[in-house]
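The file query_5.txt comes next; it holds compact mmCIF, N, CA and C atoms.
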# COMPACT_ATOMS: atom_id res chain seq x y z
N MET A 1 0.84 -1.19 0.00
CA MET A 1 0.00 0.00 0.00
C MET A 1 0.88 1.24 0.00
N GLY A 2 0.50 2.26 -0.76
CA GLY A 2 1.28 3.49 -0.84
C GLY A 2 1.24 4.30 0.44
N ARG A 3 2.19 5.21 0.57
CA ARG A 3 2.29 6.03 1.78
C ARG A 3 1.04 6.88 2.00
N LYS A 4 0.52 7.49 0.92
CA LYS A 4 -0.67 8.33 1.05
C LYS A 4 -1.86 7.54 1.56
N LYS A 5 -2.02 6.31 1.04
CA LYS A 5 -3.13 5.47 1.49
C LYS A 5 -2.97 5.10 2.96
N GLU A 6 -1.74 4.82 3.37
CA GLU A 6 -1.46 4.49 4.76
C GLU A 6 -1.79 5.68 5.66
N GLU A 7 -1.35 6.88 5.26
CA GLU A 7 -1.62 8.08 6.04
C GLU A 7 -3.11 8.33 6.15
N LYS A 8 -3.83 8.17 5.04
CA LYS A 8 -5.26 8.40 5.02
C LYS A 8 -5.99 7.39 5.92
N LYS A 9 -5.52 6.16 5.91
CA LYS A 9 -6.12 5.10 6.70
C LYS A 9 -5.96 5.39 8.20
N ASN A 10 -4.94 6.13 8.56
CA ASN A 10 -4.62 6.41 9.95
C ASN A 10 -5.27 7.70 10.45
N LYS A 11 -6.16 8.29 9.65
CA LYS A 11 -6.78 9.57 10.02
C LYS A 11 -8.29 9.42 10.15
N ILE A 12 -8.87 10.29 10.96
CA ILE A 12 -10.30 10.30 11.20
C ILE A 12 -10.83 11.70 10.90
N LYS A 13 -11.93 11.78 10.18
CA LYS A 13 -12.58 13.07 9.97
C LYS A 13 -13.35 13.42 11.23
N TYR A 14 -13.25 14.68 11.65
CA TYR A 14 -13.91 15.12 12.86
C TYR A 14 -14.39 16.55 12.65
N THR A 15 -15.65 16.78 12.89
CA THR A 15 -16.21 18.12 12.75
C THR A 15 -16.30 18.77 14.13
N MET A 16 -15.96 20.05 14.21
CA MET A 16 -16.07 20.75 15.49
C MET A 16 -16.68 22.13 15.30
N ARG A 17 -17.28 22.61 16.36
CA ARG A 17 -17.84 23.96 16.36
C ARG A 17 -16.94 24.85 17.20
N LEU A 18 -16.69 26.05 16.72
CA LEU A 18 -15.86 27.02 17.44
C LEU A 18 -16.60 28.33 17.58
N GLU A 19 -16.32 29.02 18.64
CA GLU A 19 -16.81 30.38 18.76
C GLU A 19 -16.12 31.20 17.68
N LYS A 20 -16.81 32.18 17.14
CA LYS A 20 -16.26 32.98 16.05
C LYS A 20 -14.93 33.62 16.43
N GLU A 21 -14.84 34.13 17.66
CA GLU A 21 -13.62 34.79 18.12
C GLU A 21 -12.43 33.81 18.11
N VAL A 22 -12.65 32.59 18.58
CA VAL A 22 -11.59 31.59 18.59
C VAL A 22 -11.20 31.24 17.16
N TYR A 23 -12.20 31.06 16.30
CA TYR A 23 -11.94 30.76 14.89
C TYR A 23 -11.06 31.83 14.26
N GLU A 24 -11.42 33.08 14.46
CA GLU A 24 -10.66 34.19 13.87
C GLU A 24 -9.22 34.23 14.39
N LYS A 25 -9.05 33.96 15.66
CA LYS A 25 -7.70 33.96 16.23
C LYS A 25 -6.88 32.80 15.67
N LEU A 26 -7.50 31.63 15.56
CA LEU A 26 -6.80 30.48 14.97
C LEU A 26 -6.43 30.75 13.52
N ARG A 27 -7.34 31.39 12.81
CA ARG A 27 -7.07 31.71 11.41
C ARG A 27 -5.86 32.65 11.30
N LYS A 28 -5.79 33.62 12.21
CA LYS A 28 -4.66 34.55 12.21
C LYS A 28 -3.36 33.82 12.54
N LEU A 29 -3.40 32.96 13.55
CA LEU A 29 -2.21 32.17 13.90
C LEU A 29 -1.76 31.31 12.73
N ALA A 30 -2.71 30.65 12.08
CA ALA A 30 -2.39 29.79 10.94
C ALA A 30 -1.70 30.58 9.84
N ARG A 31 -2.24 31.75 9.54
CA ARG A 31 -1.63 32.59 8.50
C ARG A 31 -0.21 32.98 8.88
N GLU A 32 -0.03 33.40 10.14
CA GLU A 32 1.29 33.82 10.60
C GLU A 32 2.30 32.67 10.56
N GLU A 33 1.83 31.46 10.82
CA GLU A 33 2.70 30.28 10.82
C GLU A 33 2.77 29.60 9.46
N ARG A 34 2.07 30.17 8.49
CA ARG A 34 2.03 29.63 7.12
C ARG A 34 1.53 28.18 7.10
N ARG A 35 0.44 27.97 7.86
CA ARG A 35 -0.21 26.67 7.90
C ARG A 35 -1.67 26.84 7.49
N SER A 36 -2.28 25.74 7.07
CA SER A 36 -3.72 25.76 6.85
C SER A 36 -4.38 25.76 8.23
N MET A 37 -5.66 26.08 8.29
CA MET A 37 -6.38 26.03 9.56
C MET A 37 -6.31 24.63 10.12
N ASN A 38 -6.52 23.63 9.29
CA ASN A 38 -6.49 22.25 9.75
C ASN A 38 -5.12 21.91 10.34
N GLN A 39 -4.06 22.29 9.64
CA GLN A 39 -2.70 22.01 10.14
C GLN A 39 -2.45 22.72 11.46
N GLU A 40 -2.96 23.94 11.60
CA GLU A 40 -2.76 24.71 12.84
C GLU A 40 -3.48 24.05 14.01
N VAL A 41 -4.71 23.63 13.79
CA VAL A 41 -5.48 22.98 14.85
C VAL A 41 -4.80 21.67 15.26
N ILE A 42 -4.34 20.88 14.30
CA ILE A 42 -3.64 19.64 14.61
C ILE A 42 -2.36 19.93 15.39
N TYR A 43 -1.61 20.94 14.97
CA TYR A 43 -0.38 21.33 15.66
C TYR A 43 -0.67 21.66 17.13
N ILE A 44 -1.70 22.47 17.36
CA ILE A 44 -2.06 22.89 18.72
C ILE A 44 -2.54 21.69 19.54
N MET A 45 -3.34 20.83 18.95
CA MET A 45 -3.84 19.67 19.67
C MET A 45 -2.70 18.72 20.06
N LYS A 46 -1.77 18.50 19.14
CA LYS A 46 -0.62 17.63 19.43
C LYS A 46 0.23 18.23 20.55
N ALA A 47 0.42 19.54 20.53
CA ALA A 47 1.20 20.21 21.57
C ALA A 47 0.52 20.05 22.93
N CYS A 48 -0.79 20.13 22.94
CA CYS A 48 -1.56 19.97 24.17
C CYS A 48 -1.41 18.54 24.70
N VAL A 49 -1.49 17.56 23.83
CA VAL A 49 -1.33 16.15 24.22
C VAL A 49 0.08 15.93 24.76
N ARG A 50 1.09 16.48 24.09
CA ARG A 50 2.48 16.33 24.56
C ARG A 50 2.64 16.92 25.97
N ARG A 51 2.07 18.11 26.19
CA ARG A 51 2.15 18.76 27.51
C ARG A 51 1.48 17.88 28.58
N TYR A 52 0.30 17.37 28.25
CA TYR A 52 -0.43 16.52 29.18
C TYR A 52 0.39 15.28 29.52
N GLU A 53 0.94 14.62 28.49
CA GLU A 53 1.70 13.39 28.72
C GLU A 53 2.99 13.66 29.48
N LYS A 54 3.59 14.79 29.25
CA LYS A 54 4.82 15.15 29.97
C LYS A 54 4.51 15.30 31.46
N LYS A 55 3.34 15.86 31.75
CA LYS A 55 2.94 16.12 33.12
C LYS A 55 2.39 14.86 33.81
N LYS A 56 1.56 14.07 33.10
CA LYS A 56 0.84 12.98 33.73
C LYS A 56 1.16 11.59 33.19
N GLY A 57 2.04 11.52 32.22
CA GLY A 57 2.41 10.22 31.66
C GLY A 57 1.67 9.93 30.37
N GLU A 58 2.17 8.93 29.66
CA GLU A 58 1.64 8.58 28.34
C GLU A 58 0.17 8.14 28.41
N ILE A 59 -0.59 8.59 27.44
CA ILE A 59 -1.98 8.16 27.30
C ILE A 59 -1.93 6.85 26.53
N ARG A 60 -2.39 5.78 27.16
CA ARG A 60 -2.35 4.47 26.52
C ARG A 60 -3.58 4.27 25.62
N GLU A 61 -3.46 3.39 24.66
CA GLU A 61 -4.50 3.15 23.65
C GLU A 61 -5.87 2.90 24.26
N GLU A 62 -5.98 2.07 25.29
CA GLU A 62 -7.30 1.76 25.85
C GLU A 62 -7.99 3.00 26.41
N GLU A 63 -7.22 4.01 26.81
CA GLU A 63 -7.78 5.24 27.33
C GLU A 63 -8.28 6.15 26.20
N GLN A 64 -7.83 5.90 24.97
CA GLN A 64 -8.21 6.74 23.84
C GLN A 64 -9.48 6.27 23.17
N LYS A 65 -9.92 5.01 23.42
CA LYS A 65 -11.09 4.49 22.76
C LYS A 65 -12.34 5.22 23.21
N GLU A 66 -13.27 5.41 22.27
CA GLU A 66 -14.54 6.05 22.59
C GLU A 66 -15.34 5.18 23.53
N ARG A 67 -16.10 5.80 24.38
CA ARG A 67 -16.93 5.04 25.34
C ARG A 67 -18.36 5.06 24.92
Would you mind writing the file's structure down as C-alpha cells?
Amino acid sequence: MGRKKEEKKNKIKYTMRLEKEVYEKLRKLAREERRSMNQEVIYIMKACVRRYEKKKGEIREEEQKER
C-alpha cells in the first residue's frame, strides 16, 4: 500500500464547532505560521497532548477508545 493510502487510513474526519472569536484567532495564527487552519489545529492539539503526557504520563491506547 502506498504512503498516502497508509496516512489516510490512519486519520479520522472530525467536525467541530468554534466560537467565532476563537476561529478568527486560529485563522490569524495559521496565516502567521504559514499553515492551513487544519494544520494549525492539529499542531495545537498535538502540543496539548504532549504537555499533558509530559505532566501525567503517556496516554495508553485503551484510554483513547470512545466510550
To one decimal place, how far is CA of Lys13 in chain A from CA of Met37 in chain A in Å?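 A separation of 14.4 Å between them.
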Leu26 in chain A proximity check over A:Val49, A:Ile12, A:Ile59, A:Val41, using only N, CA and C atoms: winner is A:Val41
Report as a PDB file with N, CA and C atoms, in the coordinates of the input: the residues of chain A with a DSSP assignment of alpha helix (DSSP H), based on the backbone of this structure.
ATOM      1  N   ARG A   3       2.190   5.210   0.570  1.00  0.00           N
ATOM      2  CA  ARG A   3       2.290   6.030   1.780  1.00  0.00           C
ATOM      3  C   ARG A   3       1.040   6.880   2.000  1.00  0.00           C
ATOM      4  N   LYS A   4       0.520   7.490   0.920  1.00  0.00           N
ATOM      5  CA  LYS A   4      -0.670   8.330   1.050  1.00  0.00           C
ATOM      6  C   LYS A   4      -1.860   7.540   1.560  1.00  0.00           C
ATOM      7  N   LYS A   5      -2.020   6.310   1.040  1.00  0.00           N
ATOM      8  CA  LYS A   5      -3.130   5.470   1.490  1.00  0.00           C
ATOM      9  C   LYS A   5      -2.970   5.100   2.960  1.00  0.00           C
ATOM     10  N   GLU A   6      -1.740   4.820   3.370  1.00  0.00           N
ATOM     11  CA  GLU A   6      -1.460   4.490   4.760  1.00  0.00           C
ATOM     12  C   GLU A   6      -1.790   5.680   5.660  1.00  0.00           C
ATOM     13  N   GLU A   7      -1.350   6.880   5.260  1.00  0.00           N
ATOM     14  CA  GLU A   7      -1.620   8.080   6.040  1.00  0.00           C
ATOM     15  C   GLU A   7      -3.110   8.330   6.150  1.00  0.00           C
ATOM     16  N   LYS A   8      -3.830   8.170   5.040  1.00  0.00           N
ATOM     17  CA  LYS A   8      -5.260   8.400   5.020  1.00  0.00           C
ATOM     18  C   LYS A   8      -5.990   7.390   5.920  1.00  0.00           C
ATOM     19  N   LYS A   9      -5.520   6.160   5.910  1.00  0.00           N
ATOM     20  CA  LYS A   9      -6.120   5.100   6.700  1.00  0.00           C
ATOM     21  C   LYS A   9      -5.960   5.390   8.200  1.00  0.00           C
ATOM     22  N   LYS A  20     -16.810  32.180  17.140  1.00  0.00           N
ATOM     23  CA  LYS A  20     -16.260  32.980  16.050  1.00  0.00           C
ATOM     24  C   LYS A  20     -14.930  33.620  16.430  1.00  0.00           C
ATOM     25  N   GLU A  21     -14.840  34.130  17.660  1.00  0.00           N
ATOM     26  CA  GLU A  21     -13.620  34.790  18.120  1.00  0.00           C
ATOM     27  C   GLU A  21     -12.430  33.810  18.110  1.00  0.00           C
ATOM     28  N   VAL A  22     -12.650  32.590  18.580  1.00  0.00           N
ATOM     29  CA  VAL A  22     -11.590  31.590  18.590  1.00  0.00           C
ATOM     30  C   VAL A  22     -11.200  31.240  17.160  1.00  0.00           C
ATOM     31  N   TYR A  23     -12.200  31.060  16.300  1.00  0.00           N
ATOM     32  CA  TYR A  23     -11.940  30.760  14.890  1.00  0.00           C
ATOM     33  C   TYR A  23     -11.060  31.830  14.260  1.00  0.00           C
ATOM     34  N   GLU A  24     -11.420  33.080  14.460  1.00  0.00           N
ATOM     35  CA  GLU A  24     -10.660  34.190  13.870  1.00  0.00           C
ATOM     36  C   GLU A  24      -9.220  34.230  14.390  1.00  0.00           C
ATOM     37  N   LYS A  25      -9.050  33.960  15.660  1.00  0.00           N
ATOM     38  CA  LYS A  25      -7.700  33.960  16.230  1.00  0.00           C
ATOM     39  C   LYS A  25      -6.880  32.800  15.670  1.00  0.00           C
ATOM     40  N   LEU A  26      -7.500  31.630  15.560  1.00  0.00           N
ATOM     41  CA  LEU A  26      -6.800  30.480  14.970  1.00  0.00           C
ATOM     42  C   LEU A  26      -6.430  30.750  13.520  1.00  0.00           C
ATOM     43  N   ARG A  27      -7.340  31.390  12.810  1.00  0.00           N
ATOM     44  CA  ARG A  27      -7.070  31.710  11.410  1.00  0.00           C
ATOM     45  C   ARG A  27      -5.860  32.650  11.300  1.00  0.00           C
ATOM     46  N   LYS A  28      -5.790  33.620  12.210  1.00  0.00           N
ATOM     47  CA  LYS A  28      -4.660  34.550  12.210  1.00  0.00           C
ATOM     48  C   LYS A  28      -3.360  33.820  12.540  1.00  0.00           C
ATOM     49  N   LEU A  29      -3.400  32.960  13.550  1.00  0.00           N
ATOM     50  CA  LEU A  29      -2.210  32.170  13.900  1.00  0.00           C
ATOM     51  C   LEU A  29      -1.760  31.310  12.730  1.00  0.00           C
ATOM     52  N   ALA A  30      -2.710  30.650  12.080  1.00  0.00           N
ATOM     53  CA  ALA A  30      -2.390  29.790  10.940  1.00  0.00           C
ATOM     54  C   ALA A  30      -1.700  30.580   9.840  1.00  0.00           C
ATOM     55  N   ARG A  31      -2.240  31.750   9.540  1.00  0.00           N
ATOM     56  CA  ARG A  31      -1.630  32.590   8.500  1.00  0.00           C
ATOM     57  C   ARG A  31      -0.210  32.980   8.880  1.00  0.00           C
ATOM     58  N   GLU A  32      -0.030  33.400  10.140  1.00  0.00           N
ATOM     59  CA  GLU A  32       1.290  33.820  10.600  1.00  0.00           C
ATOM     60  C   GLU A  32       2.300  32.670  10.560  1.00  0.00           C
ATOM     61  N   MET A  37      -5.660  26.080   8.290  1.00  0.00           N
ATOM     62  CA  MET A  37      -6.380  26.030   9.560  1.00  0.00           C
ATOM     63  C   MET A  37      -6.310  24.630  10.120  1.00  0.00           C
ATOM     64  N   ASN A  38      -6.520  23.630   9.290  1.00  0.00           N
ATOM     65  CA  ASN A  38      -6.490  22.250   9.750  1.00  0.00           C
ATOM     66  C   ASN A  38      -5.120  21.910  10.340  1.00  0.00           C
ATOM     67  N   GLN A  39      -4.060  22.290   9.640  1.00  0.00           N
ATOM     68  CA  GLN A  39      -2.700  22.010  10.140  1.00  0.00           C
ATOM     69  C   GLN A  39      -2.450  22.720  11.460  1.00  0.00           C
ATOM     70  N   GLU A  40      -2.960  23.940  11.600  1.00  0.00           N
ATOM     71  CA  GLU A  40      -2.760  24.710  12.840  1.00  0.00           C
ATOM     72  C   GLU A  40      -3.480  24.050  14.010  1.00  0.00           C
ATOM     73  N   VAL A  41      -4.710  23.630  13.790  1.00  0.00           N
ATOM     74  CA  VAL A  41      -5.480  22.980  14.850  1.00  0.00           C
ATOM     75  C   VAL A  41      -4.800  21.670  15.260  1.00  0.00           C
ATOM     76  N   ILE A  42      -4.340  20.880  14.300  1.00  0.00           N
ATOM     77  CA  ILE A  42      -3.640  19.640  14.610  1.00  0.00           C
ATOM     78  C   ILE A  42      -2.360  19.930  15.390  1.00  0.00           C
ATOM     79  N   TYR A  43      -1.610  20.940  14.970  1.00  0.00           N
ATOM     80  CA  TYR A  43      -0.380  21.330  15.660  1.00  0.00           C
ATOM     81  C   TYR A  43      -0.670  21.660  17.130  1.00  0.00           C
ATOM     82  N   ILE A  44      -1.700  22.470  17.360  1.00  0.00           N
ATOM     83  CA  ILE A  44      -2.060  22.890  18.720  1.00  0.00           C
ATOM     84  C   ILE A  44      -2.540  21.690  19.540  1.00  0.00           C
ATOM     85  N   MET A  45      -3.340  20.830  18.950  1.00  0.00           N
ATOM     86  CA  MET A  45      -3.840  19.670  19.670  1.00  0.00           C
ATOM     87  C   MET A  45      -2.700  18.720  20.060  1.00  0.00           C
ATOM     88  N   LYS A  46      -1.770  18.500  19.140  1.00  0.00           N
ATOM     89  CA  LYS A  46      -0.620  17.630  19.430  1.00  0.00           C
ATOM     90  C   LYS A  46       0.230  18.230  20.550  1.00  0.00           C
ATOM     91  N   ALA A  47       0.420  19.540  20.530  1.00  0.00           N
ATOM     92  CA  ALA A  47       1.200  20.210  21.570  1.00  0.00           C
ATOM     93  C   ALA A  47       0.520  20.050  22.930  1.00  0.00           C
ATOM     94  N   CYS A  48      -0.790  20.130  22.940  1.00  0.00           N
ATOM     95  CA  CYS A  48      -1.560  19.970  24.170  1.00  0.00           C
ATOM     96  C   CYS A  48      -1.410  18.540  24.700  1.00  0.00           C
ATOM     97  N   VAL A  49      -1.490  17.560  23.830  1.00  0.00           N
ATOM     98  CA  VAL A  49      -1.330  16.150  24.220  1.00  0.00           C
ATOM     99  C   VAL A  49       0.080  15.930  24.760  1.00  0.00           C
ATOM    100  N   ARG A  50       1.090  16.480  24.090  1.00  0.00           N
ATOM    101  CA  ARG A  50       2.480  16.330  24.560  1.00  0.00           C
ATOM    102  C   ARG A  50       2.640  16.920  25.970  1.00  0.00           C
ATOM    103  N   ARG A  51       2.070  18.110  26.190  1.00  0.00           N
ATOM    104  CA  ARG A  51       2.150  18.760  27.510  1.00  0.00           C
ATOM    105  C   ARG A  51       1.480  17.880  28.580  1.00  0.00           C
ATOM    106  N   TYR A  52       0.300  17.370  28.250  1.00  0.00           N
ATOM    107  CA  TYR A  52      -0.430  16.520  29.180  1.00  0.00           C
ATOM    108  C   TYR A  52       0.390  15.280  29.520  1.00  0.00           C
ATOM    109  N   GLU A  53       0.940  14.620  28.490  1.00  0.00           N
ATOM    110  CA  GLU A  53       1.700  13.390  28.720  1.00  0.00           C
ATOM    111  C   GLU A  53       2.990  13.660  29.480  1.00  0.00           C
ATOM    112  N   LYS A  54       3.590  14.790  29.250  1.00  0.00           N
ATOM    113  CA  LYS A  54       4.820  15.150  29.970  1.00  0.00           C
ATOM    114  C   LYS A  54       4.510  15.300  31.460  1.00  0.00           C
ATOM    115  N   LYS A  55       3.340  15.860  31.750  1.00  0.00           N
ATOM    116  CA  LYS A  55       2.940  16.120  33.120  1.00  0.00           C
ATOM    117  C   LYS A  55       2.390  14.860  33.810  1.00  0.00           C
ATOM    118  N   LYS A  56       1.560  14.070  33.100  1.00  0.00           N
ATOM    119  CA  LYS A  56       0.840  12.980  33.730  1.00  0.00           C
ATOM    120  C   LYS A  56       1.160  11.590  33.190  1.00  0.00           C
ATOM    121  N   GLU A  61      -3.460   3.390  24.660  1.00  0.00           N
ATOM    122  CA  GLU A  61      -4.500   3.150  23.650  1.00  0.00           C
ATOM    123  C   GLU A  61      -5.870   2.900  24.260  1.00  0.00           C
ATOM    124  N   GLU A  62      -5.980   2.070  25.290  1.00  0.00           N
ATOM    125  CA  GLU A  62      -7.300   1.760  25.850  1.00  0.00           C
ATOM    126  C   GLU A  62      -7.990   3.000  26.410  1.00  0.00           C
ATOM    127  N   GLU A  63      -7.220   4.010  26.810  1.00  0.00           N
ATOM    128  CA  GLU A  63      -7.780   5.240  27.330  1.00  0.00           C
ATOM    129  C   GLU A  63      -8.280   6.150  26.200  1.00  0.00           C
ATOM    130  N   GLN A  64      -7.830   5.900  24.970  1.00  0.00           N
ATOM    131  CA  GLN A  64      -8.210   6.740  23.840  1.00  0.00           C
ATOM    132  C   GLN A  64      -9.480   6.270  23.170  1.00  0.00           C
TER     133      GLN A  64
END
Repaired coordinates for range 42-63 of chain A (N, CA, C and O atoms) as a CSV table (one decimal), in the frame of the given file:
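Output file rebuild-v5.csv is given in full below:
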chain,number,residue,atom,x,y,z
A,42,ILE,N,-4.3,20.9,14.3
A,42,ILE,CA,-3.6,19.6,14.6
A,42,ILE,C,-2.4,19.9,15.4
A,42,ILE,O,-2.1,19.3,16.4
A,43,TYR,N,-1.6,20.9,15.0
A,43,TYR,CA,-0.4,21.3,15.7
A,43,TYR,C,-0.7,21.7,17.1
A,43,TYR,O,0.0,21.2,18.0
A,44,ILE,N,-1.7,22.5,17.4
A,44,ILE,CA,-2.1,22.9,18.7
A,44,ILE,C,-2.5,21.7,19.5
A,44,ILE,O,-2.2,21.5,20.7
A,45,MET,N,-3.3,20.8,19.0
A,45,MET,CA,-3.8,19.7,19.7
A,45,MET,C,-2.7,18.7,20.1
A,45,MET,O,-2.7,18.2,21.2
A,46,LYS,N,-1.8,18.5,19.1
A,46,LYS,CA,-0.6,17.6,19.4
A,46,LYS,C,0.2,18.2,20.6
A,46,LYS,O,0.7,17.5,21.4
A,47,ALA,N,0.4,19.5,20.5
A,47,ALA,CA,1.2,20.2,21.6
A,47,ALA,C,0.5,20.0,22.9
A,47,ALA,O,1.2,19.8,23.9
A,48,CYS,N,-0.8,20.1,22.9
A,48,CYS,CA,-1.6,20.0,24.2
A,48,CYS,C,-1.4,18.5,24.7
A,48,CYS,O,-1.2,18.3,25.9
A,49,VAL,N,-1.5,17.6,23.8
A,49,VAL,CA,-1.3,16.2,24.2
A,49,VAL,C,0.1,15.9,24.8
A,49,VAL,O,0.3,15.3,25.8
A,50,ARG,N,1.1,16.5,24.1
A,50,ARG,CA,2.5,16.3,24.6
A,50,ARG,C,2.6,16.9,26.0
A,50,ARG,O,3.3,16.3,26.8
A,51,ARG,N,2.1,18.1,26.2
A,51,ARG,CA,2.2,18.8,27.5
A,51,ARG,C,1.5,17.9,28.6
A,51,ARG,O,2.0,17.7,29.7
A,52,TYR,N,0.3,17.4,28.2
A,52,TYR,CA,-0.4,16.5,29.2
A,52,TYR,C,0.4,15.3,29.5
A,52,TYR,O,0.5,14.9,30.7
A,53,GLU,N,0.9,14.6,28.5
A,53,GLU,CA,1.7,13.4,28.7
A,53,GLU,C,3.0,13.7,29.5
A,53,GLU,O,3.4,12.8,30.3
A,54,LYS,N,3.6,14.8,29.2
A,54,LYS,CA,4.8,15.2,30.0
A,54,LYS,C,4.5,15.3,31.5
A,54,LYS,O,5.3,14.9,32.3
A,55,LYS,N,3.3,15.9,31.8
A,55,LYS,CA,2.9,16.1,33.1
A,55,LYS,C,2.4,14.9,33.8
A,55,LYS,O,2.7,14.6,35.0
A,56,LYS,N,1.6,14.1,33.1
A,56,LYS,CA,0.8,13.0,33.7
A,56,LYS,C,1.2,11.6,33.2
A,56,LYS,O,0.6,10.6,33.6
A,57,GLY,N,2.0,11.5,32.2
A,57,GLY,CA,2.4,10.2,31.7
A,57,GLY,C,1.7,9.9,30.4
A,57,GLY,O,0.7,10.6,30.0
A,58,GLU,N,2.2,8.9,29.7
A,58,GLU,CA,1.6,8.6,28.3
A,58,GLU,C,0.2,8.1,28.4
A,58,GLU,O,-0.2,7.4,29.3
A,59,ILE,N,-0.6,8.6,27.4
A,59,ILE,CA,-2.0,8.2,27.3
A,59,ILE,C,-1.9,6.8,26.5
A,59,ILE,O,-1.5,6.8,25.4
A,60,ARG,N,-2.4,5.8,27.2
A,60,ARG,CA,-2.4,4.5,26.5
A,60,ARG,C,-3.6,4.3,25.6
A,60,ARG,O,-4.6,4.9,25.8
A,61,GLU,N,-3.5,3.4,24.7
A,61,GLU,CA,-4.5,3.2,23.6
A,61,GLU,C,-5.9,2.9,24.3
A,61,GLU,O,-6.9,3.5,23.8
A,62,GLU,N,-6.0,2.1,25.3
A,62,GLU,CA,-7.3,1.8,25.8
A,62,GLU,C,-8.0,3.0,26.4
A,62,GLU,O,-9.2,3.1,26.5
A,63,GLU,N,-7.2,4.0,26.8
A,63,GLU,CA,-7.8,5.2,27.3
A,63,GLU,C,-8.3,6.2,26.2
A,63,GLU,O,-9.1,7.0,26.4
